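Trainee: Mind looking over this structure? Questions follow.
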Amino acid sequence: MPGRPINIRTDGTVRYTELANSLVKGITEGTFAIGQQLPSELALADQYDVSRTTVRAALDIVEGLGLITRRRRAGTIVCSKTTTNTYTKSVNTIEDLVNYASHTEREVLGVSNVVADEALAAALECKPGTRWMRIRMLRTEMDGDGTPLCWNDAYLEPKIGRRVAPLVPNGTGLLSQIIEQTVGVTVADIKQTIGATTIAGDMARRLLVDPGTAGLEITRTYLDDAKQAFLITVNTYPADKFRFTFWMHRTPTSA
């Protein structure tokens, strides 16, 4: 956050995913051995100059990847060097797992039915004329001063949208989880596209930036078992509020 020193990253919006990346790298590369106890939440908070809430968020990610177990008296123990989460096989898609859902507040701005014109169809990679239900939202960080993080447009298949939209409250959580719980449609694959954009109009006003400010646009397409898109989210961040980081590892070759 502005005015708050953070060793992992100075922008403040992705510090728990940066810490998660650091811990995952340490586990997969052997800095932390299987069976070893990680430093306490307080020790990690002091080491990385972040809050304990940020540490817990990072540990949630690492635990979700199947690398650690957390028990009240035993502490945090490394249990594996390879991830087991079904959404990813590598660290480079941690953002897909997190989506800031568990540690950001969602404010629903409006729900509407839209028909994709040429521009929207190109952005969503669908046919012009495709009908969607759009839920427009703003996300702010819980562990902070309420500064808006991103503008989120979620496009749902209309039949799903009619059932789900009334159940999407202000608060936390993944929209895909609400869909699964309500309709029974589960995520088989997630396609993520990242590109540059400019922020204007009401989006700029809501994000507290000047019109024309550079932004980062992350589009995620959620596919079901039949490889059909049932949810597409378009997340727009001011350029200084988001940084995407991933690790690349060389695959050992046999002698």
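Residue numbering restarts at 1 for every chain of the structure tokens, chains are lettered A, B, ... in their displayed order, and ligands are numbered from 1 as they appear.
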Assign secondary structure with DSSP using the backbone only, and return the residues of stretch 22-240 of chain A in strand (DSSP E) as a ChimeraX atom specification.

Mentor: /A:68-71,75-78,104-115,131-141,148-156,189-199,213-223,229-238

Trainee: Can you check which parts of stretch 16-94 of chain A lie within 9 Å of stretch 132-143 of chain A? Per residue, the shortest pair of atoms and distance in Å to one decimal, counting only C-alpha atoms, sorted by chain and number, as a Markdown table.

Mentor:
```
| residue | atom | partner | partner_atom | distance |
| --- | --- | --- | --- | --- |
| A:Ser51 | CA | A:Asp143 | CA | 8.3 |
| A:Thr53 | CA | A:Asp143 | CA | 6.9 |
| A:Thr54 | CA | A:Asp143 | CA | 7.5 |
```

Trainee: Using only C-alpha atoms, find the one residue out of A:Ala43, A:Leu175, A:Leu19, A:Ala33 that sits nearest to A:Asn152.

Mentor: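 Closest to A:Asn152, using only C-alpha atoms: A:Leu175.
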
Trainee: With distances taken over only C-alpha atoms, which residue among A:Ala57, A:Glu41, A:Val115, A:Thr182 lies nearest A:Gly161?

Mentor: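 Closest residue, counting only C-alpha atoms: A:Thr182.
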
Trainee: Write out as an MDAnalysis selection string the set of residues from stretch 12-42 of chain A that DSSP, computed on the backbone, places in alpha helix (DSSP H).

Mentor: chainID A and resid 15:28 41:42

Trainee: Go ahead and save the residues from that selection, with all heavy atoms, as a short mmCIF file (atom, residue, chain, number, x, y, z; two decimals), in the first residue's frame.

Mentor:
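Done, and the output landed in part.cif:
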```
data_model
loop_
_atom_site.label_atom_id
_atom_site.label_comp_id
_atom_site.auth_asym_id
_atom_site.auth_seq_id
_atom_site.Cartn_x
_atom_site.Cartn_y
_atom_site.Cartn_z
N ARG A 15 1.06 -8.57 -2.94
CA ARG A 15 2.12 -9.00 -2.05
C ARG A 15 1.90 -10.39 -1.50
O ARG A 15 2.85 -11.12 -1.26
CB ARG A 15 2.34 -7.99 -0.92
CG ARG A 15 1.15 -7.69 -0.05
CD ARG A 15 1.50 -6.55 0.90
NE ARG A 15 0.44 -6.27 1.84
CZ ARG A 15 -0.57 -5.45 1.58
NH1 ARG A 15 -0.66 -4.87 0.39
NH2 ARG A 15 -1.51 -5.21 2.48
N TYR A 16 0.62 -10.83 -1.32
CA TYR A 16 0.46 -12.18 -0.81
C TYR A 16 0.76 -13.22 -1.87
O TYR A 16 1.26 -14.29 -1.57
CB TYR A 16 -0.93 -12.37 -0.20
CG TYR A 16 -2.12 -12.12 -1.08
CD1 TYR A 16 -2.61 -13.13 -1.89
CD2 TYR A 16 -2.76 -10.90 -1.07
CE1 TYR A 16 -3.72 -12.91 -2.68
CE2 TYR A 16 -3.86 -10.67 -1.87
CZ TYR A 16 -4.34 -11.67 -2.67
OH TYR A 16 -5.43 -11.45 -3.47
N THR A 17 0.50 -12.93 -3.16
CA THR A 17 0.86 -13.88 -4.20
C THR A 17 2.37 -13.90 -4.44
O THR A 17 2.94 -14.94 -4.77
CB THR A 17 0.13 -13.58 -5.52
OG1 THR A 17 0.34 -12.22 -5.88
CG2 THR A 17 -1.35 -13.84 -5.37
N GLU A 18 3.03 -12.74 -4.24
CA GLU A 18 4.48 -12.71 -4.35
C GLU A 18 5.11 -13.54 -3.23
O GLU A 18 6.07 -14.28 -3.46
CB GLU A 18 4.98 -11.26 -4.28
CG GLU A 18 4.63 -10.41 -5.49
CD GLU A 18 5.39 -10.84 -6.72
OE1 GLU A 18 6.46 -11.46 -6.58
OE2 GLU A 18 4.91 -10.58 -7.83
N LEU A 19 4.57 -13.41 -2.02
CA LEU A 19 5.07 -14.22 -0.91
C LEU A 19 4.80 -15.70 -1.18
O LEU A 19 5.66 -16.54 -0.92
CB LEU A 19 4.41 -13.78 0.40
CG LEU A 19 4.74 -14.60 1.65
CD1 LEU A 19 6.25 -14.72 1.85
CD2 LEU A 19 4.08 -13.99 2.88
N ALA A 20 3.62 -16.01 -1.71
CA ALA A 20 3.32 -17.40 -2.06
C ALA A 20 4.31 -17.93 -3.08
O ALA A 20 4.82 -19.05 -2.95
CB ALA A 20 1.89 -17.52 -2.60
N ASN A 21 4.61 -17.13 -4.10
CA ASN A 21 5.60 -17.53 -5.10
C ASN A 21 6.95 -17.83 -4.46
O ASN A 21 7.63 -18.80 -4.79
CB ASN A 21 5.77 -16.44 -6.16
CG ASN A 21 4.82 -16.57 -7.31
OD1 ASN A 21 4.45 -17.67 -7.70
ND2 ASN A 21 4.42 -15.45 -7.88
N SER A 22 7.35 -16.96 -3.52
CA SER A 22 8.64 -17.14 -2.85
C SER A 22 8.66 -18.44 -2.05
O SER A 22 9.65 -19.20 -2.09
CB SER A 22 8.91 -15.94 -1.93
OG SER A 22 10.14 -16.09 -1.25
N LEU A 23 7.58 -18.73 -1.33
CA LEU A 23 7.52 -19.95 -0.53
C LEU A 23 7.47 -21.18 -1.42
O LEU A 23 8.14 -22.19 -1.14
CB LEU A 23 6.30 -19.91 0.38
CG LEU A 23 6.32 -18.84 1.49
CD1 LEU A 23 4.98 -18.80 2.21
CD2 LEU A 23 7.46 -19.08 2.46
N VAL A 24 6.69 -21.12 -2.49
CA VAL A 24 6.61 -22.26 -3.41
C VAL A 24 7.98 -22.53 -4.04
O VAL A 24 8.42 -23.68 -4.16
CB VAL A 24 5.56 -22.01 -4.50
CG1 VAL A 24 5.65 -23.08 -5.60
CG2 VAL A 24 4.16 -22.03 -3.90
N LYS A 25 8.67 -21.48 -4.43
CA LYS A 25 10.00 -21.64 -5.01
C LYS A 25 10.95 -22.29 -4.00
O LYS A 25 11.72 -23.20 -4.35
CB LYS A 25 10.56 -20.28 -5.44
CG LYS A 25 11.91 -20.33 -6.17
CD LYS A 25 12.27 -18.95 -6.69
CE LYS A 25 13.55 -19.01 -7.52
NZ LYS A 25 14.75 -19.20 -6.70
N GLY A 26 10.88 -21.85 -2.73
CA GLY A 26 11.74 -22.43 -1.71
C GLY A 26 11.44 -23.90 -1.49
O GLY A 26 12.36 -24.71 -1.28
N ILE A 27 10.17 -24.29 -1.56
CA ILE A 27 9.79 -25.69 -1.35
C ILE A 27 10.19 -26.54 -2.55
O ILE A 27 10.80 -27.61 -2.40
CB ILE A 27 8.28 -25.80 -1.09
CG1 ILE A 27 7.93 -25.15 0.26
CG2 ILE A 27 7.83 -27.25 -1.10
CD1 ILE A 27 6.45 -24.99 0.51
N THR A 28 9.86 -26.09 -3.76
CA THR A 28 10.13 -26.91 -4.95
C THR A 28 11.62 -27.02 -5.25
O THR A 28 12.06 -27.99 -5.85
CB THR A 28 9.39 -26.34 -6.18
OG1 THR A 28 9.80 -24.98 -6.40
CG2 THR A 28 7.89 -26.40 -5.98
N GLU A 41 3.93 -17.59 11.35
CA GLU A 41 3.31 -16.45 10.65
C GLU A 41 3.96 -15.14 11.08
O GLU A 41 4.24 -14.26 10.25
CB GLU A 41 1.81 -16.40 10.96
CG GLU A 41 1.01 -17.52 10.33
CD GLU A 41 -0.47 -17.43 10.65
OE1 GLU A 41 -0.88 -16.48 11.37
OE2 GLU A 41 -1.22 -18.31 10.20
N LEU A 42 4.23 -15.01 12.37
CA LEU A 42 4.85 -13.79 12.87
C LEU A 42 6.25 -13.61 12.31
O LEU A 42 6.64 -12.50 11.91
CB LEU A 42 4.89 -13.82 14.40
CG LEU A 42 5.45 -12.56 15.08
CD1 LEU A 42 4.64 -11.33 14.69
CD2 LEU A 42 5.45 -12.74 16.60
#
```

Trainee: With only C-alpha atoms as the counted atoms, please give the residues lying no more than 12 Å from A:Gly184, apart from itself and same-chain residues fewer than 5 positions off, as a list in words.

Mentor: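 Here the qualifying residues turn out to be Ile160, Arg163, Val164, Ser176, Gln177, Ile178, Ile179, Asp224, Asp225 and Phe230 of chain A.
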
Trainee: Please produce a file of those selected residues containing C-alpha atoms, as a CSV table (one decimal), in the first residue's frame.

Mentor:
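Final file, selection.csv:
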```csv
chain,number,residue,atom,x,y,z
A,160,ILE,CA,-26.6,-19.8,-15.7
A,163,ARG,CA,-29.9,-18.5,-11.6
A,164,VAL,CA,-26.7,-17.1,-10.2
A,176,SER,CA,-17.0,-19.9,-10.4
A,177,GLN,CA,-17.6,-21.4,-6.9
A,178,ILE,CA,-21.0,-19.8,-6.7
A,179,ILE,CA,-21.8,-21.3,-10.1
A,224,ASP,CA,-16.6,-26.9,-18.4
A,225,ASP,CA,-15.9,-30.6,-19.1
A,230,PHE,CA,-19.7,-20.7,-19.3
```

Trainee: Taking only C-alpha atoms into account, which of A:Ala229, A:Val55, A:Leu216, A:Leu223 comes nearest A:Val187?

Mentor: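 Of all the options, A:Leu223 lies closest to A:Val187.
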
Trainee: Of the candidates A:Thr193, A:Gly75, A:Thr31, A:Asp49, which shows the shortest atom-to-atom distance to A:Glu125, using only C-alpha atoms?

Mentor: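 Answer, going by the shortest atom-to-atom distance: A:Thr193.
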
Trainee: Can you work out the spacing between atom CA of A:Thr104 and atom CA of A:Gly171 in Å, to one decimal?

Mentor: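 Computed distance, atom CA of A:Thr104 to atom CA of A:Gly171, equals 7.8 Å.
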
Trainee: One decimal, Å: what's the distance from atom CA of A:Arg52 over to atom CA of A:Leu174, could you say?

Mentor: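 It comes out at 22.4 Å.
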
Trainee: Kindly give the distance, in Å, that separates atom CA of A:Arg205 and atom CA of A:Asn235, rounded to a single decimal.

Mentor: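 One can read the atom CA of A:Arg205 to atom CA of A:Asn235 distance as 15.7 Å.
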
Trainee: Pick from A:Gly215, A:Gly110, A:Gly195, A:Gly201: nearest to A:Pro166, with only C-alpha atoms counted?

Mentor: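 When distances to A:Pro166 are compared using only C-alpha atoms, the smallest one comes from A:Gly110.
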